[in-house]
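Participant: Here it is, the structure in full.
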Amino acid sequence: MSPSRLEHPFGQLIDRDTPVTFEFEGETVQGYAGDNVASALIGEGRWLMSRSFKYHRPRGPLSLAGHDANTLIQTPTAANRLAEDLMAKDQGTLSGQNYLGSLKFDYYSLLDRLGRFLPVGFYYRAFFKPRGMWRFWENVIRNAAGLGVANLEATPRYTDKQYLFCDVAVIGAGPAGLNAALTAATGGAEVLLVDEQELLGGALTYHRFTLEDDSRAQTLKALSNAVANHDKIRVLTGATCNAWFSDHYLPVFQGDRLYKVRAKTCVLATGSSEQPVVFRNNDLPGIVLCSGLERLMMHHGVCPEGPAVILAGNDDAYLTAITAAEAGLSIAGVVDLRSEPDDLALPAALSELGITLYQSATVYEAHSDKSGAQLGAVTIYPIESEGKVGVTPTHLECRLLAMSAGFMPAYQLACHGGAKLAYHDDKSEFTLTELPEGMHLAGSVNSTHDLKAVCADGRNAGRGALRALALETDNDETVQCERHVNHPWPIFKHPKGREFVDFDEDLQIKDIINSARLGYRDIQLVKRYSTVGMGPSQGRHSALTTARLIADATERTVTETGVTTARPPVKPESLGVLAGRRFHPIKKTPMDQRHLALGAHMIPAGSWRRPAFYGALDHRAANIAAEAHAVRNGVGMIDVSTLGGIELRGPDAAEFMNRIYTYGFLKQPVGKTRYAALANEQGVIIDDGVAARLAEDHFYVTATTTGVDRVYSEMLRWNAQWRLDLDIAQVTSAYSAVNVAGPFSRDVLEQAGCNIELSSESFPYLACREGMVAGIPARLMRVGFVGELGFELHVPSLMAQTLWDKLMVAGEPFNIKPFGVETQRLLRLEKGHIIIGQDTDGMSHPGEVGLAWAINRKKAFFVGRRSVDILMSQPLKRQLVGFTLSPSAPKPEEGHLVLRDGDIVGTVTSCEYSPTLAKVIGLAYVHPDDAQPDSEVTIRTADGVCVQAPIATLPFYDPGNARQQL
Amino acid sequence: MKIMQCPLNGPRNISEFVYGGQVEPMPDPQQCSDKDWASYVFYDNNAIGIVREWWQHAPSSYWFIAERHNASDDILRTYDPGELFSERVDFTTGENEP
């Protein structure tokens with residue numbers, strides 16, 4: 001049978017025609033569509049939802065708004081979800097968490113009896129002696145004080161992000177937010193209105209602001225209709241704005257989507273958090289905030305089992321009592337902390353409903369029923385003075401207690417923007433000051449509580465936003481609000497303790513006061529020592545009480561004491577939503593499909609992907625050896641499109657090259673290439689490439705795949721200062737390139753058809769030419785990176801795949817073999833060519849890595865010149881050299897250490913087995929005294945095995961460089 | 001996220017920009033002492049106040065100069081480097097090619 005609910009106008013959120021069920025702790029729970037898990041559970045009379053963090057005390061909802069940690073439950077796919085945030089209709093099987101046994105019978109709850117032996121800081125102080133014991137205790141404690149369990153088998157959900165832009169972001173759609181949004185939109189601004197609840201209206205949807213409650217329903221209807229129909233207002237409900245970042249950048253979480261909102265100005269109408277009264281056992285399930293009870297009734301039509309006691313620190317709690325009584329809840333009494341309410345009509349209204357009123361009194365202690373897990377009765381005492389009670393108790397049986405000690409502005413977003421909180425003793429209230437530019441407050445976050453004042457305050461905030469946008473608006477209304485909503489000291493220390501200040505962290509009054517006694521006077525230190533405010537509710541219900549307690553204990557004002565820094569996020573957020581879509585963009589060369597068709601093993605190279613080699617990964621060595629053999633003995637082709645390309649044109653192109661690169665370029669002949677090494681201002685070599693002079697005023701220079709962006713960027717910055725007459729353009733993606741290398745490379749180009757004379761005499765080593773290859777316009781360079789006769793062909797990217805295909809066909813008679821980047825690395829290592837970034841590090845100057853020849857010390861200037869001069873005038877500290885090892889010796893890997901008399905003097909930077917040379921070859925930094933070819937160095941390989949490696953003369957292969965010059 | 005005013009592209013998210021260090025005049029690399037050169041290369045004057053910095057709008061590779069208060073992080077002004085570097089710079093050139 002479906003559970004019974006209150007009639008309309010109660011239960012605005014539920015659909016009474018659509019019952020839903022789910023499992024909680026092995027039992028079936030019934031509710032209605034529109035219920036959340038918490039409201040459905042309470043609808044069936046179940047208040048127990050969790051066990052507390054430290055003492056494993058039974059807990060039930062406090063705020064019914066998802067603002068406390070008392071409703072953390074476990075779903076099949078996620079831990080630590082708030083029951084209010086989970087819709088009952090979407091659930092399957094749920095359970096409690098953080099217990100040993102079951103939620104109802106938690107063996108860990110014995111910890112509660114030991115509580116007085118577990119003061120704050122106990123864990124830190126008690127378990128570290130004797131030394132080493134922490135390792136044992138840590139496991140025990142972590143098992144007992146944990147939260148839910150992550151499901152590592154869960155399938156990841158689809159999560160994504162969207163960017164939104166608006167003139168005004170209004171956070172909070174209560175009466176203030178609705179008015180602000182309407183005023184701003186009517187004034188011509190594009191408005192985004194965000195609220196974490198599904199219903200627009202905030203407190204208007206559940207709280208009666210006056211005794212008569214005559215105009216609330218109409219106000220709500222008029223405002224929400226106007227907002228919903230306004231074409232300049234976009235509404236996001238069920239959405240949480242979790243932070244305020246500079247210049248009104250707002251992350252808004254809605255389900256599995258993160259909106260990144262950029263607003264020009266914003267209105268915070270975030271409302272306020274109702275505050276609990278602090279008394280013994282104030283955490284028993286069945287004790288809620290007044291707003292929580294109102295939400296249950298008005299939103300979900302749930303009338304919890306009575307009798308109920310209302311504990312009032314303000315007039316609003318009287319109104320809650322009246323609403324509840326009208327709904328049929330039996331009220332055992334209203335207990336007012338004050339001597340009388342501000343509105344003197346209220347006591348009469350209570351007595352008309354037959355409700356007993358206790359004035360100048362408090363609930364001093366709550367008692368559980370027989371189950372031990374729900375409220376059964378309360379003891380009421382008269383209040384004698386601040387926090388002190390008299391001697392005559394009154395005992396009241398009750399199943400429910402709703403309380404309101406006042407309100408704390410929802411200050412988090414404002415404080416993210418640098419706003420400050422100041423305490424007003426006359427109203428016992430914190431207010432926000434020093435707002436950042438363009439931020440406006442409205443409603444109860446701005447300390448206005450009367451409905452008329454709240455609405456006017458909202459309109460004023462809308463006007464403020466319009467002014468910030470330089471749009472026209474009328475004058476501000478006068479906002480008057482004399483209501484006192486905060487009781488100055490709703491804190492009642494009990495000799496037996498268990499008066500909870502922070503429910504998340506199980507902190508009682510004495511824990512806070514003891515922190516101050518131990519010397520942590522600063523509120524920030526109190527937080528760090530006691531962990532107050534660190535839980536999921538982030539101090540919403542504890543910051544005000546903590547500030548008051550510490551102010552009292554340290555004899556300072558509450559303003560001086562303050563609250564801890566509010567930092568994002570406001571509510572817990574899921575890492576999956578932050579990560580967004582699994583999206584890894586990658587650049588592909590025009591030949592990418594050809595590589596895949598040839599079975600290439602692709603690896604990332606910067607933002608590109610490239611073939612490492614062709615063929616299966618488990619035959620890596622054999623595949624590389626075969627490719628290397630083809631280049632050394634036949635012909636190979638490698639896709640080098642990822643190489644960076646930069647064009648420099650203009651009368652000052654040569655002058656600019658001469659300043660940027662270390663070598664001389666002024667007199668570089670047209671049609672020749674030169675090695676171009678680049679130093680930074682610290683004199684460290686950071687990139688290299690080949691510079692081709694295509695015309696007097698035109699250079700085409702390559703850079704490393706990962707370095708080209710930086711090279712290009714630095715070029716632009718230098719010329720922003722030098723003002724030389726040239727254009728600099730990055731053409732990396734515009735040109736693609738292949739390197740055809742090997743003794744038959746010339747034959748392949750001739751076979752493909754080439755209008756350039758390719759003979760060694762007319763196109764010698766290091767020359768460059770422009771012409772047509774296989775009908776495609778190409779820039780050709782004779783380069784020697786792999787140490788064979790070879791031609792690098794740079795062609796427009798659109799034609800690169802055609803070029804590849806034609807060369808593969810032309811190369812067929814010569815058994816042309818494509819080779820990958822790992823093979824290329826082996827081939828260049830055989831030639832002793834260094835790779836910047838692999839064989840160099842952030843300290844490598846030209847003298848250390850054998851590039852002194854590439855430095856022109858005679859020219860007036862190049863970038864890093866003075867630093868290079870200084871570094872090279874000092875004795876070398878290390879030197880990059882080649883070494884060899886027998887194939888049977890343990891093979892060093894990149895990064896292995898070079899030792900000298902037991903001290904580290906360098907590292908191995910490259911090391912491969914060379915099939916051509918039939919030995920292991922490598923490059924390593926060694927002590928300069930060991931750099932000569934007759935020396936040996938000690939290399940510490942895997943597992944600490946040391947090998948003695950003889951130093952070799954570079955290059956390892958073809959020392960006379962005859963082959964590349966063929 | 002902060003917004004920065006790019007002189008070329010207008011207001012953009014700060015994540016589109018790359019910081020390029022303080023604008024510091026280069027001492028004469030031929031004449032200055034090692035100490036002055038090291039100071040130019042390695043040291044930044046880290047006093048509180050308004051600093052002049054290089055920033056680049058990464059998607060367009062455009063370099064410009066920003067004046068920023070390094071305590072409040074307020075960006076006071078951004079402008080094209082041509083405002084600061086209006087003249088062609090030359091180094092005493094020895095035309096000695098190998």
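Labeling convention for the structure tokens: chains A, B, ... as they appear, residues from 1 per chain, ligands from 1 in order of appearance.
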Would you give me, as JSON lines, each residue of chain B having an atom within 9 Å of an atom of chain A, along with its shortest atom pair and that distance in Å to one decimal, using only C-alpha atoms and sorting by chain and residue number?
Facilitator:
```
{"residue": "B:Met1", "atom": "CA", "partner": "A:Ser246", "partner_atom": "CA", "distance": 4.9}
{"residue": "B:Lys2", "atom": "CA", "partner": "A:Ser246", "partner_atom": "CA", "distance": 4.8}
{"residue": "B:Ile3", "atom": "CA", "partner": "A:Asp247", "partner_atom": "CA", "distance": 6.4}
{"residue": "B:Pro29", "atom": "CA", "partner": "A:Arg866", "partner_atom": "CA", "distance": 5.8}
{"residue": "B:Gln30", "atom": "CA", "partner": "A:Arg866", "partner_atom": "CA", "distance": 7.4}
{"residue": "B:Asp34", "atom": "CA", "partner": "A:Ile870", "partner_atom": "CA", "distance": 7.6}
{"residue": "B:Trp37", "atom": "CA", "partner": "A:Arg866", "partner_atom": "CA", "distance": 7.7}
{"residue": "B:Ala38", "atom": "CA", "partner": "A:Ser867", "partner_atom": "CA", "distance": 8.1}
{"residue": "B:Val41", "atom": "CA", "partner": "A:Gln682", "partner_atom": "CA", "distance": 6.5}
{"residue": "B:Phe42", "atom": "CA", "partner": "A:Gln682", "partner_atom": "CA", "distance": 8.1}
{"residue": "B:Trp54", "atom": "CA", "partner": "A:Arg717", "partner_atom": "CA", "distance": 8.7}
{"residue": "B:Gln56", "atom": "CA", "partner": "A:Ser713", "partner_atom": "CA", "distance": 8.5}
{"residue": "B:Ala58", "atom": "CA", "partner": "A:Ser713", "partner_atom": "CA", "distance": 8.7}
{"residue": "B:Ser61", "atom": "CA", "partner": "A:Ser713", "partner_atom": "CA", "distance": 6.4}
{"residue": "B:Tyr62", "atom": "CA", "partner": "A:Leu716", "partner_atom": "CA", "distance": 7.8}
{"residue": "B:Trp63", "atom": "CA", "partner": "A:Arg717", "partner_atom": "CA", "distance": 6.2}
{"residue": "B:Phe64", "atom": "CA", "partner": "A:Ala720", "partner_atom": "CA", "distance": 8.5}
{"residue": "B:Asp80", "atom": "CA", "partner": "A:Ala720", "partner_atom": "CA", "distance": 8.9}
{"residue": "B:Pro81", "atom": "CA", "partner": "A:Ala720", "partner_atom": "CA", "distance": 6.2}
{"residue": "B:Gly82", "atom": "CA", "partner": "A:Ala720", "partner_atom": "CA", "distance": 6.9}
{"residue": "B:Leu84", "atom": "CA", "partner": "A:Gln721", "partner_atom": "CA", "distance": 8.3}
{"residue": "B:Phe85", "atom": "CA", "partner": "A:Gln721", "partner_atom": "CA", "distance": 5.5}
{"residue": "B:Ser86", "atom": "CA", "partner": "A:Arg723", "partner_atom": "CA", "distance": 7.4}
{"residue": "B:Glu87", "atom": "CA", "partner": "A:Arg723", "partner_atom": "CA", "distance": 6.7}
{"residue": "B:Arg88", "atom": "CA", "partner": "A:Arg723", "partner_atom": "CA", "distance": 4.9}
{"residue": "B:Val89", "atom": "CA", "partner": "A:Trp722", "partner_atom": "CA", "distance": 4.7}
{"residue": "B:Asp90", "atom": "CA", "partner": "A:Trp722", "partner_atom": "CA", "distance": 7.4}
{"residue": "B:Phe91", "atom": "CA", "partner": "A:Ala860", "partner_atom": "CA", "distance": 6.4}
{"residue": "B:Thr92", "atom": "CA", "partner": "A:Ala860", "partner_atom": "CA", "distance": 6.0}
{"residue": "B:Thr93", "atom": "CA", "partner": "A:Ala860", "partner_atom": "CA", "distance": 4.8}
{"residue": "B:Gly94", "atom": "CA", "partner": "A:Lys859", "partner_atom": "CA", "distance": 5.2}
{"residue": "B:Glu95", "atom": "CA", "partner": "A:Lys859", "partner_atom": "CA", "distance": 6.4}
{"residue": "B:Asn96", "atom": "CA", "partner": "A:Lys858", "partner_atom": "CA", "distance": 5.9}
{"residue": "B:Glu97", "atom": "CA", "partner": "A:Gly664", "partner_atom": "CA", "distance": 6.1}
{"residue": "B:Pro98", "atom": "CA", "partner": "A:Gly664", "partner_atom": "CA", "distance": 7.5}
```
Participant: Going by DSSP on the backbone, which residues of segment 871-908 of chain A come out as strand (DSSP E)? List them as a PyMOL selection string.
Facilitator: chain A and resi 879-885+897-900+903-908
Participant: Residues as selected, N, CA, C and O atoms, written as a short mmCIF file (atom, residue, chain, number, x, y, z; two decimals), in the first residue's frame, can you do that?
Facilitator:
```cif
data_model
loop_
_atom_site.label_atom_id
_atom_site.label_comp_id
_atom_site.auth_asym_id
_atom_site.auth_seq_id
_atom_site.Cartn_x
_atom_site.Cartn_y
_atom_site.Cartn_z
N GLN A 879 80.73 15.85 -19.57
CA GLN A 879 80.82 15.86 -21.02
C GLN A 879 79.99 14.71 -21.58
O GLN A 879 80.00 13.60 -21.02
N LEU A 880 79.28 14.96 -22.67
CA LEU A 880 78.50 13.90 -23.30
C LEU A 880 79.40 13.14 -24.26
O LEU A 880 79.98 13.73 -25.16
N VAL A 881 79.51 11.83 -24.03
CA VAL A 881 80.40 11.01 -24.88
C VAL A 881 79.66 9.73 -25.27
O VAL A 881 78.62 9.39 -24.71
N GLY A 882 80.26 9.01 -26.21
CA GLY A 882 79.72 7.72 -26.61
C GLY A 882 80.42 6.60 -25.86
O GLY A 882 81.58 6.73 -25.45
N PHE A 883 79.70 5.52 -25.64
CA PHE A 883 80.32 4.33 -25.03
C PHE A 883 79.79 3.10 -25.74
O PHE A 883 78.75 3.16 -26.42
N THR A 884 80.51 2.01 -25.62
CA THR A 884 80.04 0.76 -26.22
C THR A 884 80.08 -0.34 -25.17
O THR A 884 80.80 -0.23 -24.17
N LEU A 885 79.31 -1.37 -25.40
CA LEU A 885 79.29 -2.54 -24.52
C LEU A 885 79.04 -3.77 -25.37
O LEU A 885 78.42 -3.68 -26.44
N LEU A 897 72.77 5.58 -13.96
CA LEU A 897 73.79 6.49 -13.45
C LEU A 897 75.20 6.12 -13.91
O LEU A 897 75.52 4.94 -14.05
N VAL A 898 75.99 7.16 -14.10
CA VAL A 898 77.43 6.97 -14.35
C VAL A 898 78.14 7.31 -13.04
O VAL A 898 77.93 8.38 -12.46
N LEU A 899 78.95 6.36 -12.56
CA LEU A 899 79.62 6.54 -11.27
C LEU A 899 81.12 6.74 -11.46
O LEU A 899 81.71 6.25 -12.43
N ARG A 900 81.71 7.46 -10.49
CA ARG A 900 83.16 7.65 -10.50
C ARG A 900 83.60 7.62 -9.05
O ARG A 900 83.18 8.47 -8.26
N ASP A 903 80.84 8.07 -6.66
CA ASP A 903 79.99 9.26 -6.75
C ASP A 903 79.29 9.31 -8.11
O ASP A 903 79.82 8.86 -9.12
N ILE A 904 78.10 9.92 -8.08
CA ILE A 904 77.36 10.08 -9.34
C ILE A 904 77.97 11.24 -10.12
O ILE A 904 78.11 12.35 -9.61
N VAL A 905 78.37 10.98 -11.36
CA VAL A 905 78.92 12.07 -12.18
C VAL A 905 78.07 12.34 -13.42
O VAL A 905 78.24 13.35 -14.08
N GLY A 906 77.13 11.43 -13.74
CA GLY A 906 76.32 11.67 -14.93
C GLY A 906 75.30 10.58 -15.12
O GLY A 906 75.11 9.73 -14.23
N THR A 907 74.64 10.62 -16.28
CA THR A 907 73.62 9.62 -16.58
C THR A 907 73.76 9.16 -18.03
O THR A 907 74.36 9.85 -18.86
N VAL A 908 73.17 8.01 -18.30
CA VAL A 908 73.05 7.53 -19.67
C VAL A 908 71.85 8.24 -20.28
O VAL A 908 70.79 8.32 -19.67
#
```
Participant: Tell me, as JSON, numbers by chain, which residues lie within 10 Å of Met591 of chain A, counting only C-alpha atoms; anything in the same chain fewer than 5 positions away does not count.
Facilitator: {"A": [596, 610, 639, 641, 736, 737, 738, 797, 800, 801, 802, 803, 804, 805]}
Participant: Put those residues in a file: N, CA and C atoms, as a PDB file, in the first residue's frame.
Facilitator:
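Output below, filename part24.pdb:
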```
ATOM      1  N   LEU A 596      48.794   3.148 -40.589  1.00  0.00           N
ATOM      2  CA  LEU A 596      47.929   2.140 -39.954  1.00  0.00           C
ATOM      3  C   LEU A 596      47.768   0.932 -40.870  1.00  0.00           C
ATOM      4  N   ARG A 610      52.900   9.124 -34.096  1.00  0.00           N
ATOM      5  CA  ARG A 610      53.828   8.741 -35.163  1.00  0.00           C
ATOM      6  C   ARG A 610      54.081   7.247 -35.090  1.00  0.00           C
ATOM      7  N   ASP A 639      58.169   9.200 -42.352  1.00  0.00           N
ATOM      8  CA  ASP A 639      57.282  10.369 -42.329  1.00  0.00           C
ATOM      9  C   ASP A 639      57.800  11.329 -41.251  1.00  0.00           C
ATOM     10  N   SER A 641      56.685  14.530 -41.010  1.00  0.00           N
ATOM     11  CA  SER A 641      55.781  15.695 -41.080  1.00  0.00           C
ATOM     12  C   SER A 641      55.653  16.426 -39.750  1.00  0.00           C
ATOM     13  N   SER A 736      54.252  19.013 -45.059  1.00  0.00           N
ATOM     14  CA  SER A 736      54.521  17.681 -44.546  1.00  0.00           C
ATOM     15  C   SER A 736      55.802  17.210 -45.210  1.00  0.00           C
ATOM     16  N   ALA A 737      56.435  16.221 -44.607  1.00  0.00           N
ATOM     17  CA  ALA A 737      57.738  15.853 -45.145  1.00  0.00           C
ATOM     18  C   ALA A 737      58.015  14.373 -44.972  1.00  0.00           C
ATOM     19  N   VAL A 738      58.824  13.856 -45.883  1.00  0.00           N
ATOM     20  CA  VAL A 738      59.372  12.512 -45.717  1.00  0.00           C
ATOM     21  C   VAL A 738      60.880  12.588 -45.894  1.00  0.00           C
ATOM     22  N   SER A 797      50.991  20.015 -47.402  1.00  0.00           N
ATOM     23  CA  SER A 797      50.377  18.873 -46.717  1.00  0.00           C
ATOM     24  C   SER A 797      49.283  18.196 -47.532  1.00  0.00           C
ATOM     25  N   ALA A 800      50.782  15.461 -49.561  1.00  0.00           N
ATOM     26  CA  ALA A 800      51.775  14.595 -48.924  1.00  0.00           C
ATOM     27  C   ALA A 800      51.419  13.122 -49.054  1.00  0.00           C
ATOM     28  N   GLN A 801      50.126  12.806 -48.943  1.00  0.00           N
ATOM     29  CA  GLN A 801      49.765  11.395 -49.024  1.00  0.00           C
ATOM     30  C   GLN A 801      50.028  10.864 -50.445  1.00  0.00           C
ATOM     31  N   THR A 802      49.748  11.701 -51.431  1.00  0.00           N
ATOM     32  CA  THR A 802      50.026  11.315 -52.815  1.00  0.00           C
ATOM     33  C   THR A 802      51.523  11.089 -53.008  1.00  0.00           C
ATOM     34  N   LEU A 803      52.313  11.987 -52.441  1.00  0.00           N
ATOM     35  CA  LEU A 803      53.767  11.843 -52.545  1.00  0.00           C
ATOM     36  C   LEU A 803      54.202  10.508 -51.947  1.00  0.00           C
ATOM     37  N   TRP A 804      53.675  10.216 -50.734  1.00  0.00           N
ATOM     38  CA  TRP A 804      54.022   8.960 -50.059  1.00  0.00           C
ATOM     39  C   TRP A 804      53.705   7.766 -50.964  1.00  0.00           C
ATOM     40  N   ASP A 805      52.468   7.792 -51.539  1.00  0.00           N
ATOM     41  CA  ASP A 805      52.054   6.669 -52.384  1.00  0.00           C
ATOM     42  C   ASP A 805      52.971   6.527 -53.597  1.00  0.00           C
TER      43      ASP A 805
END
```
Participant: List the spatial neighbours of Ile75 of chain B as a list in words - criterion: any atom at most 9 Å away, only C-alpha atoms, same-chain residues fewer than 4 positions off excluded.
Facilitator: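 Residues near the query, excluding close chain neighbours: Met4, Gln5, Ala66, Glu67, Arg68, His69 and Asn70 of chain B.
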Participant: I'd like the neighbourhood of Glu822 of chain A as a PyMOL selection string, where a residue qualifies if any of its atoms comes within 9 Å (using only C-alpha atoms), though same-chain residues fewer than 5 positions away should be ignored.
Facilitator: chain A and resi 611-613+624+827
Participant: Mind writing the picked residues with C-alpha atoms as a PDB file, in the first residue's frame?
Facilitator:
```pdb
ATOM      1  CA  PRO A 611      54.889   5.242 -36.131  1.00  0.00           C
ATOM      2  CA  ALA A 612      57.483   3.904 -33.694  1.00  0.00           C
ATOM      3  CA  PHE A 613      58.139   1.085 -36.167  1.00  0.00           C
ATOM      4  CA  ILE A 624      63.542  -2.219 -35.926  1.00  0.00           C
ATOM      5  CA  LEU A 827      70.256   5.138 -36.795  1.00  0.00           C
TER       6      LEU A 827
END
```
Participant: Between atom CA of Ala332 of chain A and atom CA of Thr320 of chain A, measure the distance and give it in Å to one decimal.
Facilitator: 13.6 Å
Participant: I'd like the contact shell of Gly771 of chain A - 8 Å cut-off, only C-alpha atoms, skipping same-chain residues fewer than 3 positions apart - returned as a list in words.
Facilitator: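 These residues fall inside the cut-off: Cys754, Asn755, Ile756, Pro777, Ala778, Arg779 and Leu780 of chain A.
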Participant: Take the residues from that selection and put them in a file with C-alpha atoms, as a PDB file, in the first residue's frame.
Facilitator:
```pdb
ATOM      1  CA  CYS A 754      62.164  14.599 -60.480  1.00  0.00           C
ATOM      2  CA  ASN A 755      63.035  17.765 -62.404  1.00  0.00           C
ATOM      3  CA  ILE A 756      66.080  18.477 -60.236  1.00  0.00           C
ATOM      4  CA  PRO A 777      56.135  20.854 -55.805  1.00  0.00           C
ATOM      5  CA  ALA A 778      58.773  20.039 -53.202  1.00  0.00           C
ATOM      6  CA  ARG A 779      61.601  21.490 -51.188  1.00  0.00           C
ATOM      7  CA  LEU A 780      64.458  19.015 -51.103  1.00  0.00           C
TER       8      LEU A 780
END
```
Participant: I need the helix (DSSP H, G or I) residues of segment 18-67 of chain B per DSSP on the backbone, written as a PyMOL selection string.
Facilitator: chain B and resi 34-42+58-60
Participant: Would you mind exporting N, CA, C and O atoms of the selected residues as a CSV table (one decimal), in the first residue's frame?
Facilitator:
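This went into part-v2.csv:
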```csv
chain,number,residue,atom,x,y,z
B,34,ASP,N,80.0,40.2,-15.7
B,34,ASP,CA,79.4,38.9,-15.5
B,34,ASP,C,78.2,39.0,-14.5
B,34,ASP,O,77.2,38.4,-14.7
B,35,LYS,N,78.5,39.8,-13.5
B,35,LYS,CA,77.5,40.0,-12.4
B,35,LYS,C,76.2,40.6,-13.0
B,35,LYS,O,75.1,40.2,-12.7
B,36,ASP,N,76.4,41.7,-13.7
B,36,ASP,CA,75.2,42.4,-14.3
B,36,ASP,C,74.5,41.4,-15.3
B,36,ASP,O,73.3,41.5,-15.3
B,37,TRP,N,75.2,40.7,-16.0
B,37,TRP,CA,74.6,39.7,-17.0
B,37,TRP,C,73.8,38.7,-16.2
B,37,TRP,O,72.7,38.4,-16.5
B,38,ALA,N,74.4,38.1,-15.1
B,38,ALA,CA,73.7,37.1,-14.3
B,38,ALA,C,72.5,37.7,-13.7
B,38,ALA,O,71.4,37.0,-13.7
B,39,SER,N,72.6,38.9,-13.3
B,39,SER,CA,71.4,39.6,-12.7
B,39,SER,C,70.3,39.7,-13.7
B,39,SER,O,69.1,39.5,-13.4
B,40,TYR,N,70.7,40.1,-15.0
B,40,TYR,CA,69.7,40.2,-16.0
B,40,TYR,C,69.0,38.9,-16.3
B,40,TYR,O,67.8,38.8,-16.5
B,41,VAL,N,69.8,37.8,-16.3
B,41,VAL,CA,69.3,36.5,-16.8
B,41,VAL,C,68.5,35.8,-15.6
B,41,VAL,O,67.5,35.2,-15.9
B,42,PHE,N,69.0,35.9,-14.4
B,42,PHE,CA,68.5,35.1,-13.3
B,42,PHE,C,67.6,35.8,-12.3
B,42,PHE,O,66.8,35.2,-11.6
B,58,ALA,N,48.3,32.8,-26.4
B,58,ALA,CA,48.8,31.6,-27.1
B,58,ALA,C,48.2,31.2,-28.4
B,58,ALA,O,48.9,30.9,-29.3
B,59,PRO,N,46.8,31.3,-28.5
B,59,PRO,CA,46.2,30.8,-29.7
B,59,PRO,C,46.7,31.7,-30.9
B,59,PRO,O,46.7,31.2,-32.1
B,60,SER,N,47.0,33.0,-30.7
B,60,SER,CA,47.4,33.8,-31.8
B,60,SER,C,48.9,34.1,-31.8
B,60,SER,O,49.4,34.8,-32.7
```
Participant: Could you list, as a short mmCIF file (atom, residue, chain, number, x, y, z; two decimals) with N, CA, C and O atoms, in the first residue's frame, every residue within 7 Å of segment 564-578 of chain A, counting only C-alpha atoms and ignoring same-chain residues fewer than 5 positions away?
Facilitator:
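Output saved as result.cif:
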```cif
data_model
loop_
_atom_site.label_atom_id
_atom_site.label_comp_id
_atom_site.auth_asym_id
_atom_site.auth_seq_id
_atom_site.Cartn_x
_atom_site.Cartn_y
_atom_site.Cartn_z
N THR A 159 29.99 12.28 -18.75
CA THR A 159 29.92 13.59 -18.10
C THR A 159 30.46 14.61 -19.10
O THR A 159 31.32 14.27 -19.92
N ASP A 160 29.96 15.82 -19.04
CA ASP A 160 30.51 16.81 -19.98
C ASP A 160 30.45 18.22 -19.42
O ASP A 160 30.10 18.44 -18.26
N ASN A 242 29.08 26.27 -7.40
CA ASN A 242 29.97 25.75 -6.37
C ASN A 242 31.13 26.66 -6.03
O ASN A 242 31.93 26.33 -5.15
N ALA A 243 31.27 27.77 -6.73
CA ALA A 243 32.38 28.67 -6.44
C ALA A 243 32.17 29.99 -7.17
O ALA A 243 31.40 30.08 -8.13
N ASP A 256 25.15 15.50 -14.38
CA ASP A 256 26.47 15.10 -14.85
C ASP A 256 27.10 16.13 -15.78
O ASP A 256 28.01 15.82 -16.53
N ARG A 257 26.60 17.34 -15.70
CA ARG A 257 27.16 18.38 -16.55
C ARG A 257 27.70 19.53 -15.69
O ARG A 257 27.10 19.91 -14.70
N LEU A 258 28.84 20.03 -16.11
CA LEU A 258 29.41 21.22 -15.48
C LEU A 258 29.27 22.39 -16.44
O LEU A 258 29.77 22.34 -17.56
N GLN A 412 29.51 31.59 1.52
CA GLN A 412 30.66 30.98 0.84
C GLN A 412 31.04 31.68 -0.47
O GLN A 412 32.19 32.06 -0.67
N CYS A 415 32.49 35.08 0.01
CA CYS A 415 33.84 35.04 0.60
C CYS A 415 34.88 34.52 -0.39
O CYS A 415 36.04 34.88 -0.31
N HIS A 416 34.47 33.67 -1.35
CA HIS A 416 35.41 33.28 -2.40
C HIS A 416 35.91 34.53 -3.13
O HIS A 416 37.04 34.57 -3.60
N ILE A 523 41.03 31.13 14.91
CA ILE A 523 39.96 30.26 14.41
C ILE A 523 40.47 29.28 13.35
O ILE A 523 40.02 28.13 13.25
N GLN A 524 41.48 29.73 12.57
CA GLN A 524 42.05 28.84 11.54
C GLN A 524 42.76 27.66 12.19
O GLN A 524 42.73 26.54 11.70
N PRO A 536 31.64 17.57 5.02
CA PRO A 536 30.90 17.94 3.81
C PRO A 536 30.02 19.18 3.97
O PRO A 536 29.77 19.88 3.00
#
```
